[in-house]
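A.B. asks: structure-v7.pdb is the file, holding PDB, C-alpha atoms:
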ATOM      1  CA  MET A  26      -7.891  19.532  10.612
ATOM      2  CA  ALA A  27      -8.544  20.986  14.041
ATOM      3  CA  ARG A  28     -11.103  18.232  14.607
ATOM      4  CA  ALA A  29      -8.641  15.561  13.458
ATOM      5  CA  ILE A  30      -5.965  16.889  15.832
ATOM      6  CA  ASP A  31      -8.417  16.762  18.737
ATOM      7  CA  LEU A  32      -9.341  13.181  17.807
ATOM      8  CA  ALA A  33      -5.680  12.102  17.632
ATOM      9  CA  ILE A  34      -4.845  13.556  21.044
ATOM     10  CA  GLU A  35      -7.928  11.927  22.558
ATOM     11  CA  ASN A  36      -6.969   8.658  20.852
ATOM     12  CA  VAL A  37      -3.576   8.640  22.582
ATOM     13  CA  ARG A  38      -5.358   9.105  25.891
ATOM     14  CA  THR A  39      -7.574   6.067  25.244
ATOM     15  CA  GLY A  40      -4.792   3.717  24.106
ATOM     16  CA  GLY A  41      -4.459   4.322  20.361
ATOM     17  CA  GLY A  42      -1.752   5.857  18.198
ATOM     18  CA  PRO A  43      -1.248   9.633  17.724
ATOM     19  CA  PHE A  44      -3.043   9.835  14.388
ATOM     20  CA  ALA A  45      -6.541  10.728  13.213
ATOM     21  CA  ALA A  46      -8.285  11.499   9.928
ATOM     22  CA  VAL A  47     -11.561  13.088   8.881
ATOM     23  CA  VAL A  48     -13.452  12.835   5.582
ATOM     24  CA  VAL A  49     -15.382  15.935   4.518
ATOM     25  CA  LYS A  50     -17.942  16.282   1.748
ATOM     26  CA  ASP A  51     -19.769  19.507   0.890
ATOM     27  CA  GLY A  52     -18.424  21.160   4.034
ATOM     28  CA  ARG A  53     -19.728  18.400   6.297
ATOM     29  CA  ILE A  54     -17.790  15.679   8.175
ATOM     30  CA  VAL A  55     -19.002  12.322   6.851
ATOM     31  CA  ALA A  56     -16.593  10.082   8.756
ATOM     32  CA  GLU A  57     -13.738  10.081  11.247
ATOM     33  CA  GLY A  58     -10.995   7.597  11.955
ATOM     34  CA  THR A  59      -8.261   7.105  14.513
ATOM     35  CA  ASN A  60      -5.289   4.778  14.620
ATOM     36  CA  ARG A  61      -6.400   1.501  16.251
ATOM     37  CA  VAL A  62      -3.483  -0.791  15.303
ATOM     38  CA  THR A  63      -2.586  -2.005  18.760
ATOM     39  CA  SER A  64      -5.947  -1.421  20.404
ATOM     40  CA  SER A  65      -7.834  -3.539  17.833
ATOM     41  CA  ASN A  66      -5.027  -5.912  16.716
ATOM     42  CA  ASP A  67      -5.264  -4.659  13.148
ATOM     43  CA  PRO A  68      -2.060  -3.522  11.409
ATOM     44  CA  THR A  69      -4.185  -1.942   8.664
ATOM     45  CA  ALA A  70      -6.175   0.223  11.110
ATOM     46  CA  HIS A  71      -4.321   3.427  10.365
ATOM     47  CA  ALA A  72      -6.435   6.564  10.765
ATOM     48  CA  GLU A  73      -6.776   7.150   7.019
ATOM     49  CA  VAL A  74      -7.858   3.553   6.307
ATOM     50  CA  VAL A  75     -10.359   3.625   9.175
ATOM     51  CA  ALA A  76     -11.780   6.977   7.995
ATOM     52  CA  ILE A  77     -11.964   5.875   4.350
ATOM     53  CA  ARG A  78     -13.796   2.681   5.284
ATOM     54  CA  ALA A  79     -16.233   4.560   7.508
ATOM     55  CA  ALA A  80     -16.843   7.225   4.860
ATOM     56  CA  CYS A  81     -17.535   4.636   2.167
ATOM     57  CA  THR A  82     -19.964   2.883   4.499
ATOM     58  CA  ALA A  83     -21.696   6.195   5.274
ATOM     59  CA  LEU A  84     -21.861   7.195   1.608
ATOM     60  CA  ARG A  85     -22.683   3.662   0.391
ATOM     61  CA  ALA A  86     -19.974   3.931  -2.263
ATOM     62  CA  PHE A  87     -16.579   2.401  -2.898
ATOM     63  CA  GLN A  88     -15.076   5.714  -3.975
ATOM     64  CA  LEU A  89     -14.916   9.075  -2.221
ATOM     65  CA  ASP A  90     -15.993  11.257  -5.140
ATOM     66  CA  GLY A  91     -15.882  14.949  -4.251
ATOM     67  CA  CYS A  92     -14.556  14.287  -0.730
ATOM     68  CA  ASP A  93     -11.545  15.790   1.023
ATOM     69  CA  LEU A  94      -9.466  13.769   3.470
ATOM     70  CA  TYR A  95      -7.825  15.533   6.394
ATOM     71  CA  THR A  96      -5.124  13.550   8.160
ATOM     72  CA  THR A  97      -2.955  14.702  11.059
ATOM     73  CA  CYS A  98       0.172  13.285   9.401
ATOM     74  CA  GLU A  99       1.492  12.638   5.919
ATOM     75  CA  PRO A 100       0.232   9.166   4.859
ATOM     76  CA  CYS A 101       2.368   6.013   4.879
ATOM     77  CA  PRO A 102       2.613   3.924   1.671
ATOM     78  CA  MET A 103      -0.329   1.701   2.682
ATOM     79  CA  CYS A 104      -2.559   4.712   3.288
ATOM     80  CA  LEU A 105      -1.331   6.437   0.143
ATOM     81  CA  GLY A 106      -2.372   3.332  -1.789
ATOM     82  CA  ALA A 107      -5.742   3.270  -0.022
ATOM     83  CA  ILE A 108      -6.228   6.957  -0.880
ATOM     84  CA  TYR A 109      -5.571   6.285  -4.557
ATOM     85  CA  TRP A 110      -8.093   3.438  -4.577
ATOM     86  CA  ALA A 111     -10.669   5.607  -2.762
ATOM     87  CA  ARG A 112      -9.987   8.591  -5.031
ATOM     88  CA  PRO A 113     -10.879  11.614  -2.868
ATOM     89  CA  ALA A 114     -10.571  15.036  -4.515
ATOM     90  CA  ARG A 115      -7.834  16.298  -2.190
ATOM     91  CA  VAL A 116      -5.770  15.264   0.829
ATOM     92  CA  TYR A 117      -4.778  17.741   3.541
ATOM     93  CA  PHE A 118      -2.086  16.614   5.953
ATOM     94  CA  GLY A 119      -0.672  18.204   9.092
ATOM     95  CA  SER A 120       2.733  16.962  10.182
ATOM     96  CA  LEU A 121       5.343  15.576   7.812
ATOM     97  CA  ALA A 122       6.627  12.013   7.438
ATOM     98  CA  ALA A 123       9.857  13.332   8.973
ATOM     99  CA  ASP A 124       7.909  14.472  12.058
ATOM    100  CA  ALA A 125       6.410  10.975  12.384
ATOM    101  CA  ALA A 126       9.874   9.440  12.045
ATOM    102  CA  ALA A 127      11.169  11.717  14.808
ATOM    103  CA  ALA A 128       8.310  10.452  16.997
ATOM    104  CA  GLY A 129       9.267   6.809  16.324
ATOM    105  CA  PHE A 130       6.999   6.011  13.356
ATOM    106  CA  ASP A 131       9.318   5.460  10.448
ATOM    107  CA  ASP A 132       7.434   4.861   7.214
ATOM    108  CA  ALA A 133      10.569   5.690   5.246
ATOM    109  CA  PHE A 134      11.669   2.050   5.458
ATOM    110  CA  ILE A 135       8.497   0.912   3.683
ATOM    111  CA  TYR A 136       8.846   3.611   1.018
ATOM    112  CA  GLN A 137      12.402   2.375   0.411
ATOM    113  CA  GLN A 138      11.258  -1.261   0.222
ATOM    114  CA  LEU A 139       8.518  -0.466  -2.302
ATOM    115  CA  ALA A 140      11.081   1.055  -4.612
ATOM    116  CA  LEU A 141      13.251  -2.081  -4.576
ATOM    117  CA  PRO A 142      12.949  -5.006  -6.986
ATOM    118  CA  ARG A 143      11.157  -7.944  -5.350
ATOM    119  CA  GLU A 144      14.279 -10.028  -4.916
ATOM    120  CA  SER A 145      16.001  -7.270  -2.926
ATOM    121  CA  ARG A 146      13.240  -6.722  -0.363
ATOM    122  CA  LYS A 147      13.538  -7.665   3.285
ATOM    123  CA  ILE A 148      10.321  -9.722   3.200
ATOM    124  CA  PRO A 149      10.798 -12.384   0.482
ATOM    125  CA  PHE A 150       8.222 -12.232  -2.338
ATOM    126  CA  LEU A 151       8.139 -15.559  -4.171
ATOM    127  CA  GLU A 152       6.225 -16.385  -7.347
ATOM    128  CA  ILE A 153       4.462 -19.760  -7.460
ATOM    129  CA  MET A 154       1.673 -21.311  -9.578
ATOM    130  CA  ARG A 155       1.346 -18.368 -11.954
ATOM    131  CA  ASP A 156      -0.335 -20.442 -14.672
ATOM    132  CA  GLU A 157      -2.918 -21.820 -12.241
ATOM    133  CA  SER A 158      -3.544 -18.340 -10.789
ATOM    134  CA  LEU A 159      -4.448 -16.949 -14.200
ATOM    135  CA  ALA A 160      -7.664 -18.979 -13.963
ATOM    136  CA  CYS A 161      -8.921 -16.260 -11.580
ATOM    137  CA  PHE A 162      -8.696 -13.618 -14.301
ATOM    138  CA  ARG A 163     -10.258 -15.968 -16.852
ATOM    139  CA  ALA A 164     -13.253 -16.417 -14.522
ATOM    140  CA  TRP A 165     -13.459 -12.612 -14.237
ATOM    141  CA  ALA A 166     -13.304 -12.069 -18.014
ATOM    142  CA  GLU A 167     -16.072 -14.631 -18.525
ATOM    143  CA  LYS A 168     -18.409 -13.085 -15.946
ATOM    144  CA  GLN A 169     -21.101 -11.069 -17.726
ATOM    145  CA  ASP A 170     -22.353  -8.892 -14.853
ATOM    146  CA  ARG A 171     -19.049  -7.972 -13.245
ATOM    147  CA  VAL A 172     -18.719  -4.622 -11.462
ATOM    148  CA  GLU A 173     -15.506  -2.919 -12.623
ATOM    149  CA  TYR A 174     -13.597  -0.590 -10.329
TER     150      TYR A 174
ATOM    151  CA  MET B  16      -2.047 -21.257  -3.177
ATOM    152  CA  ALA B  17      -4.427 -23.830  -4.618
ATOM    153  CA  ARG B  18      -6.896 -22.925  -1.863
ATOM    154  CA  ALA B  19      -6.507 -19.206  -2.611
ATOM    155  CA  ILE B  20      -7.146 -19.788  -6.323
ATOM    156  CA  ASP B  21     -10.320 -21.737  -5.531
ATOM    157  CA  LEU B  22     -11.472 -18.900  -3.237
ATOM    158  CA  ALA B  23     -10.829 -16.240  -5.892
ATOM    159  CA  ILE B  24     -12.776 -18.117  -8.565
ATOM    160  CA  GLU B  25     -15.656 -18.685  -6.163
ATOM    161  CA  ASN B  26     -15.484 -14.984  -5.193
ATOM    162  CA  VAL B  27     -16.017 -13.936  -8.813
ATOM    163  CA  ARG B  28     -19.083 -16.161  -8.952
ATOM    164  CA  THR B  29     -20.565 -14.494  -5.866
ATOM    165  CA  GLY B  30     -19.943 -10.900  -6.966
ATOM    166  CA  GLY B  31     -16.419 -10.081  -5.768
ATOM    167  CA  GLY B  32     -13.150  -9.420  -7.552
ATOM    168  CA  PRO B  33     -10.829 -12.169  -8.908
ATOM    169  CA  PHE B  34      -8.424 -12.141  -5.976
ATOM    170  CA  ALA B  35      -7.971 -14.140  -2.780
ATOM    171  CA  ALA B  36      -5.333 -14.590  -0.089
ATOM    172  CA  VAL B  37      -4.601 -17.106   2.639
ATOM    173  CA  VAL B  38      -2.464 -16.775   5.787
ATOM    174  CA  VAL B  39      -0.658 -19.907   6.925
ATOM    175  CA  LYS B  40       1.132 -20.548  10.205
ATOM    176  CA  ASP B  41       2.861 -23.808  11.140
ATOM    177  CA  GLY B  42       1.341 -25.515   8.090
ATOM    178  CA  ARG B  43      -2.213 -24.538   9.027
ATOM    179  CA  ILE B  44      -4.514 -21.942   7.407
ATOM    180  CA  VAL B  45      -5.312 -19.325  10.058
ATOM    181  CA  ALA B  46      -7.294 -16.927   7.846
ATOM    182  CA  GLU B  47      -8.605 -16.374   4.345
ATOM    183  CA  GLY B  48      -9.599 -13.241   2.476
ATOM    184  CA  THR B  49     -11.230 -12.347  -0.826
ATOM    185  CA  ASN B  50     -11.603  -9.055  -2.645
ATOM    186  CA  ARG B  51     -14.813  -7.376  -1.418
ATOM    187  CA  VAL B  52     -14.290  -3.822  -2.737
ATOM    188  CA  THR B  53     -17.507  -3.454  -4.678
ATOM    189  CA  SER B  54     -19.549  -6.017  -2.764
ATOM    190  CA  SER B  55     -18.899  -4.341   0.603
ATOM    191  CA  ASN B  56     -18.279  -0.722  -0.515
ATOM    192  CA  ASP B  57     -14.764  -0.784   0.888
ATOM    193  CA  PRO B  58     -11.885   0.315  -1.367
ATOM    194  CA  THR B  59      -9.428  -1.145   1.159
ATOM    195  CA  ALA B  60     -11.024  -4.625   1.061
ATOM    196  CA  HIS B  61      -8.369  -6.185  -1.140
ATOM    197  CA  ALA B  62      -7.836  -9.884  -0.508
ATOM    198  CA  GLU B  63      -4.504  -9.365   1.260
ATOM    199  CA  VAL B  64      -5.880  -6.681   3.608
ATOM    200  CA  VAL B  65      -8.943  -8.799   4.409
ATOM    201  CA  ALA B  66      -6.778 -11.862   5.084
ATOM    202  CA  ILE B  67      -4.271  -9.912   7.216
ATOM    203  CA  ARG B  68      -7.060  -8.398   9.323
ATOM    204  CA  ALA B  69      -8.728 -11.793   9.790
ATOM    205  CA  ALA B  70      -5.423 -13.478  10.666
ATOM    206  CA  CYS B  71      -4.569 -10.820  13.252
ATOM    207  CA  THR B  72      -8.012 -11.218  14.792
ATOM    208  CA  ALA B  73      -7.590 -15.008  14.872
ATOM    209  CA  LEU B  74      -4.091 -14.791  16.351
ATOM    210  CA  ARG B  75      -4.947 -11.861  18.665
ATOM    211  CA  ALA B  76      -1.846 -10.013  17.484
ATOM    212  CA  PHE B  77      -1.079  -6.962  15.385
ATOM    213  CA  GLN B  78       1.792  -8.677  13.588
ATOM    214  CA  LEU B  79       1.932 -11.925  11.646
ATOM    215  CA  ASP B  80       5.117 -13.329  13.181
ATOM    216  CA  GLY B  81       6.106 -16.610  11.559
ATOM    217  CA  CYS B  82       3.217 -16.549   9.078
ATOM    218  CA  ASP B  83       3.265 -16.925   5.307
ATOM    219  CA  LEU B  84       0.838 -15.031   3.090
ATOM    220  CA  TYR B  85      -0.347 -16.638  -0.133
ATOM    221  CA  THR B  86      -2.025 -14.275  -2.591
ATOM    222  CA  THR B  87      -3.311 -15.113  -6.055
ATOM    223  CA  CYS B  88      -1.729 -11.965  -7.508
ATOM    224  CA  GLU B  89       1.265  -9.723  -6.858
ATOM    225  CA  PRO B  90       0.182  -7.118  -4.275
ATOM    226  CA  CYS B  91      -0.722  -3.507  -5.110
ATOM    227  CA  PRO B  92       1.059  -0.670  -3.246
ATOM    228  CA  MET B  93      -1.638  -0.499  -0.542
ATOM    229  CA  CYS B  94      -1.354  -4.237   0.128
ATOM    230  CA  LEU B  95       2.436  -4.113  -0.020
ATOM    231  CA  GLY B  96       2.320  -1.431   2.671
ATOM    232  CA  ALA B  97      -0.127  -3.511   4.729
ATOM    233  CA  ILE B  98       2.194  -6.516   4.389
ATOM    234  CA  TYR B  99       5.163  -4.515   5.695
ATOM    235  CA  TRP B 100       3.147  -3.331   8.689
ATOM    236  CA  ALA B 101       1.931  -6.910   9.366
ATOM    237  CA  ARG B 102       5.442  -8.348   8.894
ATOM    238  CA  PRO B 103       4.774 -11.949   7.757
ATOM    239  CA  ALA B 104       7.841 -14.135   7.189
ATOM    240  CA  ARG B 105       7.230 -14.617   3.459
ATOM    241  CA  VAL B 106       4.765 -13.752   0.691
ATOM    242  CA  TYR B 107       3.925 -16.167  -2.094
ATOM    243  CA  PHE B 108       2.102 -14.710  -5.095
ATOM    244  CA  GLY B 109       0.590 -16.345  -8.186
ATOM    245  CA  SER B 110       0.037 -14.056 -11.143
ATOM    246  CA  LEU B 111       2.099 -10.946 -11.843
ATOM    247  CA  ALA B 112       1.088  -7.291 -11.674
ATOM    248  CA  ALA B 113       1.307  -7.349 -15.468
ATOM    249  CA  ASP B 114      -1.289 -10.153 -15.555
ATOM    250  CA  ALA B 115      -3.617  -8.063 -13.372
ATOM    251  CA  ALA B 116      -3.098  -5.065 -15.658
ATOM    252  CA  ALA B 117      -3.996  -7.200 -18.688
ATOM    253  CA  ALA B 118      -7.218  -8.172 -16.864
ATOM    254  CA  GLY B 119      -8.090  -4.502 -16.265
ATOM    255  CA  PHE B 120      -6.591  -3.965 -12.796
ATOM    256  CA  ASP B 121      -3.790  -1.526 -13.279
ATOM    257  CA  ASP B 122      -1.851  -0.907 -10.074
ATOM    258  CA  ALA B 123       1.048   0.498 -12.081
ATOM    259  CA  PHE B 124      -0.526   3.961 -11.976
ATOM    260  CA  ILE B 125      -0.423   3.972  -8.164
ATOM    261  CA  TYR B 126       3.163   2.704  -8.091
ATOM    262  CA  GLN B 127       4.078   5.582 -10.432
ATOM    263  CA  GLN B 128       2.229   8.122  -8.280
ATOM    264  CA  LEU B 129       3.971   6.950  -5.088
ATOM    265  CA  ALA B 130       7.325   7.607  -6.683
ATOM    266  CA  LEU B 131       6.422  11.204  -7.548
ATOM    267  CA  PRO B 132       7.000  14.228  -5.316
ATOM    268  CA  ARG B 133       3.762  15.322  -3.621
ATOM    269  CA  GLU B 134       3.263  18.383  -5.816
ATOM    270  CA  SER B 135       3.363  16.278  -8.990
ATOM    271  CA  ARG B 136       0.717  13.745  -7.977
ATOM    272  CA  LYS B 137      -2.709  13.542  -9.575
ATOM    273  CA  ILE B 138      -4.481  13.763  -6.191
ATOM    274  CA  PRO B 139      -3.310  17.027  -4.559
ATOM    275  CA  PHE B 140      -1.569  16.564  -1.183
ATOM    276  CA  LEU B 141      -1.597  19.841   0.735
ATOM    277  CA  GLU B 142       0.162  20.611   4.005
ATOM    278  CA  ILE B 143      -1.795  22.640   6.593
ATOM    279  CA  MET B 144      -1.510  23.277  10.344
ATOM    280  CA  ARG B 145       1.765  21.408  10.776
ATOM    281  CA  ASP B 146       2.622  23.183  14.043
ATOM    282  CA  GLU B 147      -0.770  22.361  15.547
ATOM    283  CA  SER B 148      -0.531  18.737  14.347
ATOM    284  CA  LEU B 149       2.735  18.224  16.198
ATOM    285  CA  ALA B 150       0.695  18.316  19.418
ATOM    286  CA  CYS B 151      -0.387  14.731  18.568
ATOM    287  CA  PHE B 152       3.200  13.492  18.788
ATOM    288  CA  ARG B 153       3.825  15.489  21.961
ATOM    289  CA  ALA B 154       0.823  13.746  23.550
ATOM    290  CA  TRP B 155       2.314  10.414  22.429
ATOM    291  CA  ALA B 156       5.776  11.198  23.831
ATOM    292  CA  GLU B 157       4.253  12.175  27.155
ATOM    293  CA  LYS B 158       2.163   9.012  27.501
ATOM    294  CA  GLN B 159       3.854   6.632  29.938
ATOM    295  CA  ASP B 160       2.105   3.357  29.043
ATOM    296  CA  ARG B 161       2.072   3.656  25.256
ATOM    297  CA  VAL B 162       2.223   0.468  23.151
ATOM    298  CA  GLU B 163       4.877   0.923  20.454
ATOM    299  CA  TYR B 164       4.571  -0.847  17.103
TER     300      TYR B 164
END
What is this file in structure tokens?
C.D. replies:
Amino acid sequence: MARAIDLAIENVRTGGGPFAAVVVKDGRIVAEGTNRVTSSNDPTAHAEVVAIRAACTALRAFQLDGCDLYTTCEPCPMCLGAIYWARPARVYFGSLAADAAAAGFDDAFIYQQLALPRESRKIPFLEIMRDESLACFRAWAEKQDRVEY
Amino acid sequence: MARAIDLAIENVRTGGGPFAAVVVKDGRIVAEGTNRVTSSNDPTAHAEVVAIRAACTALRAFQLDGCDLYTTCEPCPMCLGAIYWARPARVYFGSLAADAAAAGFDDAFIYQQLALPRESRKIPFLEIMRDESLACFRAWAEKQDRVEY
């Protein structure tokens, strides 16, 4: 966590957001990530997502079996989802979502939106062409050598 | 959506998952994305995330102002979070989360986990070094030329 905090402070200095994350396996850092949303024009480049992607590349795996993720702040809903897909053993976080909100990063809005039914959300979610879209899953079911995840 | 469905079916054929997404602005496709989780060892490479990243690169922006996102399936929690950070005008989806679950992709577990208090989640979330982590936000507050998002 001390390393992640250093990375986050350095990241602010070089034009990124005040967040960093580190992935550790067997007592060794396998990847690091910092928030690069504005500096790389990527709204998904939160520290946790960047660190997870780098760790999976380093480990040549699409899951973080036996890894711990250290992040300087409690994850937002996107990062929480990414963590569940990556499946690390544990997540350590430093500051709280409330601390991030006090600093101007309010994930609470997104948590609230996720809990709402689709039709009540601020961004409209509209269903179209469901029958046609099911062809994607039929193609998947018919594929013999598919890699499940 | 028809284009996204074609992309998803082609993606299955070439070793990816049965999902694709397309970002449209002013009636023109600005970016496409397909699920590359297993084929690129990236658990965050869901179609929506890939398409959002590509669209932001193409538009040189970290938000998708005035864009519509078409995705062949209702987004998972990670992608829903990514969508809220990217802030497109609308999201059109084809099949339902229940259709994905029937095909073996069960996002419902992650939606359930998000709704739980930290201490009840399957992946342990542990708070450490909160006081030290707050230094990241102090560095942010003190930075004069920070780019808010």
A.B. asks: Report the residues retrieved by the PyMOL selection byres ((chain A and resi 97) around 8) from the displayed file, expressed as a PyMOL selection string.
C.D. replies: (chain A and resi 26+29-30+33+44-46+95-96+98-99+118-120) or (chain B and resi 148+151)
A.B. asks: Output C-alpha atoms of each residue in that selection to a file, as a PDB file, in the coordinates of the input.
C.D. replies:
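This is the output file part_31.pdb:
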ATOM      1  CA  MET A  26      -7.891  19.532  10.612  1.00  0.00           C
ATOM      2  CA  ALA A  29      -8.641  15.561  13.458  1.00  0.00           C
ATOM      3  CA  ILE A  30      -5.965  16.889  15.832  1.00  0.00           C
ATOM      4  CA  ALA A  33      -5.680  12.102  17.632  1.00  0.00           C
ATOM      5  CA  PHE A  44      -3.043   9.835  14.388  1.00  0.00           C
ATOM      6  CA  ALA A  45      -6.541  10.728  13.213  1.00  0.00           C
ATOM      7  CA  ALA A  46      -8.285  11.499   9.928  1.00  0.00           C
ATOM      8  CA  TYR A  95      -7.825  15.533   6.394  1.00  0.00           C
ATOM      9  CA  THR A  96      -5.124  13.550   8.160  1.00  0.00           C
ATOM     10  CA  CYS A  98       0.172  13.285   9.401  1.00  0.00           C
ATOM     11  CA  GLU A  99       1.492  12.638   5.919  1.00  0.00           C
ATOM     12  CA  PHE A 118      -2.086  16.614   5.953  1.00  0.00           C
ATOM     13  CA  GLY A 119      -0.672  18.204   9.092  1.00  0.00           C
ATOM     14  CA  SER A 120       2.733  16.962  10.182  1.00  0.00           C
TER      15      SER A 120
ATOM     16  CA  SER B 148      -0.531  18.737  14.347  1.00  0.00           C
ATOM     17  CA  CYS B 151      -0.387  14.731  18.568  1.00  0.00           C
TER      18      CYS B 151
END
A.B. asks: Determine the residue membership of the PyMOL selection byres ((chain A and resi 121) around 12) for the file above and supply it as a ChimeraX atom specification.
C.D. replies: /A:96-101,117-120,122-128,130-133 /B:133,140-149,152
A.B. asks: Take the residues from that selection and write them out as a PDB file, in the coordinates of the input, keeping C-alpha atoms.
C.D. replies:
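Result went into again24.pdb, see below:
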ATOM      1  CA  THR A  96      -5.124  13.550   8.160  1.00  0.00           C
ATOM      2  CA  THR A  97      -2.955  14.702  11.059  1.00  0.00           C
ATOM      3  CA  CYS A  98       0.172  13.285   9.401  1.00  0.00           C
ATOM      4  CA  GLU A  99       1.492  12.638   5.919  1.00  0.00           C
ATOM      5  CA  PRO A 100       0.232   9.166   4.859  1.00  0.00           C
ATOM      6  CA  CYS A 101       2.368   6.013   4.879  1.00  0.00           C
ATOM      7  CA  TYR A 117      -4.778  17.741   3.541  1.00  0.00           C
ATOM      8  CA  PHE A 118      -2.086  16.614   5.953  1.00  0.00           C
ATOM      9  CA  GLY A 119      -0.672  18.204   9.092  1.00  0.00           C
ATOM     10  CA  SER A 120       2.733  16.962  10.182  1.00  0.00           C
ATOM     11  CA  ALA A 122       6.627  12.013   7.438  1.00  0.00           C
ATOM     12  CA  ALA A 123       9.857  13.332   8.973  1.00  0.00           C
ATOM     13  CA  ASP A 124       7.909  14.472  12.058  1.00  0.00           C
ATOM     14  CA  ALA A 125       6.410  10.975  12.384  1.00  0.00           C
ATOM     15  CA  ALA A 126       9.874   9.440  12.045  1.00  0.00           C
ATOM     16  CA  ALA A 127      11.169  11.717  14.808  1.00  0.00           C
ATOM     17  CA  ALA A 128       8.310  10.452  16.997  1.00  0.00           C
ATOM     18  CA  PHE A 130       6.999   6.011  13.356  1.00  0.00           C
ATOM     19  CA  ASP A 131       9.318   5.460  10.448  1.00  0.00           C
ATOM     20  CA  ASP A 132       7.434   4.861   7.214  1.00  0.00           C
ATOM     21  CA  ALA A 133      10.569   5.690   5.246  1.00  0.00           C
TER      22      ALA A 133
ATOM     23  CA  ARG B 133       3.762  15.322  -3.621  1.00  0.00           C
ATOM     24  CA  PHE B 140      -1.569  16.564  -1.183  1.00  0.00           C
ATOM     25  CA  LEU B 141      -1.597  19.841   0.735  1.00  0.00           C
ATOM     26  CA  GLU B 142       0.162  20.611   4.005  1.00  0.00           C
ATOM     27  CA  ILE B 143      -1.795  22.640   6.593  1.00  0.00           C
ATOM     28  CA  MET B 144      -1.510  23.277  10.344  1.00  0.00           C
ATOM     29  CA  ARG B 145       1.765  21.408  10.776  1.00  0.00           C
ATOM     30  CA  ASP B 146       2.622  23.183  14.043  1.00  0.00           C
ATOM     31  CA  GLU B 147      -0.770  22.361  15.547  1.00  0.00           C
ATOM     32  CA  SER B 148      -0.531  18.737  14.347  1.00  0.00           C
ATOM     33  CA  LEU B 149       2.735  18.224  16.198  1.00  0.00           C
ATOM     34  CA  PHE B 152       3.200  13.492  18.788  1.00  0.00           C
TER      35      PHE B 152
END
A.B. asks: Could you jot down the CA of Leu22 in chain B to CA of Val62 in chain A separation for me, Å, one decimal place?
C.D. replies: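 So the answer is 27.1 Å.
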A.B. asks: May I ask for the distance between CA of Pro139 in chain B and CA of Ile108 in chain A, given in Å to one decimal place?
C.D. replies: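 A separation of 11.1 Å between them.
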A.B. asks: Restricting the calculation to all atoms listed in the file: of A:Glu57, A:Glu35, A:Glu167, A:Asp67, which residue gets closest to Ala101 in chain B?
C.D. replies: A:Asp67
A.B. asks: Could you check which residues have any atom within 9 Å of (-21.4, -12.3, -13.8), counting only C-alpha atoms with coordinates taken straight from the file, and then list them as a compact mmCIF listing (two decimals) with C-alpha atoms, in the coordinates of the input?
C.D. replies:
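Dumped everything to result-v1.txt:
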# COMPACT_ATOMS: atom_id res chain seq x y z
CA TRP A 165 -13.46 -12.61 -14.24
CA GLU A 167 -16.07 -14.63 -18.52
CA LYS A 168 -18.41 -13.08 -15.95
CA GLN A 169 -21.10 -11.07 -17.73
CA ASP A 170 -22.35 -8.89 -14.85
CA ARG A 171 -19.05 -7.97 -13.24
CA VAL A 172 -18.72 -4.62 -11.46
CA VAL B 27 -16.02 -13.94 -8.81
CA ARG B 28 -19.08 -16.16 -8.95
CA THR B 29 -20.56 -14.49 -5.87
CA GLY B 30 -19.94 -10.90 -6.97
A.B. asks: Any chance you could work out the residue set of the PyMOL selection byres ((chain A and resi 107) around 12) here, as a VMD selection string?
C.D. replies: (chain A and resid 69 to 78 87 to 89 94 100 to 106 108 to 113) or (chain B and resid 52 57 to 61 64 91 to 97 122 125 129)
A.B. asks: Could the residues in this selection be saved with C-alpha atoms as a compact mmCIF listing (two decimals), in the frame of the given file?
C.D. replies:
# COMPACT_ATOMS: atom_id res chain seq x y z
CA THR A 69 -4.18 -1.94 8.66
CA ALA A 70 -6.18 0.22 11.11
CA HIS A 71 -4.32 3.43 10.36
CA ALA A 72 -6.44 6.56 10.76
CA GLU A 73 -6.78 7.15 7.02
CA VAL A 74 -7.86 3.55 6.31
CA VAL A 75 -10.36 3.62 9.18
CA ALA A 76 -11.78 6.98 8.00
CA ILE A 77 -11.96 5.88 4.35
CA ARG A 78 -13.80 2.68 5.28
CA PHE A 87 -16.58 2.40 -2.90
CA GLN A 88 -15.08 5.71 -3.98
CA LEU A 89 -14.92 9.07 -2.22
CA LEU A 94 -9.47 13.77 3.47
CA PRO A 100 0.23 9.17 4.86
CA CYS A 101 2.37 6.01 4.88
CA PRO A 102 2.61 3.92 1.67
CA MET A 103 -0.33 1.70 2.68
CA CYS A 104 -2.56 4.71 3.29
CA LEU A 105 -1.33 6.44 0.14
CA GLY A 106 -2.37 3.33 -1.79
CA ILE A 108 -6.23 6.96 -0.88
CA TYR A 109 -5.57 6.28 -4.56
CA TRP A 110 -8.09 3.44 -4.58
CA ALA A 111 -10.67 5.61 -2.76
CA ARG A 112 -9.99 8.59 -5.03
CA PRO A 113 -10.88 11.61 -2.87
CA VAL B 52 -14.29 -3.82 -2.74
CA ASP B 57 -14.76 -0.78 0.89
CA PRO B 58 -11.88 0.32 -1.37
CA THR B 59 -9.43 -1.14 1.16
CA ALA B 60 -11.02 -4.62 1.06
CA HIS B 61 -8.37 -6.18 -1.14
CA VAL B 64 -5.88 -6.68 3.61
CA CYS B 91 -0.72 -3.51 -5.11
CA PRO B 92 1.06 -0.67 -3.25
CA MET B 93 -1.64 -0.50 -0.54
CA CYS B 94 -1.35 -4.24 0.13
CA LEU B 95 2.44 -4.11 -0.02
CA GLY B 96 2.32 -1.43 2.67
CA ALA B 97 -0.13 -3.51 4.73
CA ASP B 122 -1.85 -0.91 -10.07
CA ILE B 125 -0.42 3.97 -8.16
CA LEU B 129 3.97 6.95 -5.09
A.B. asks: Using only C-alpha atoms, can you tell me which of A:Arg146, A:Ala86, A:Arg163, A:Thr59 comes closest to chain B?
C.D. replies: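 Of all the options, A:Ala86 lies closest to chain B.
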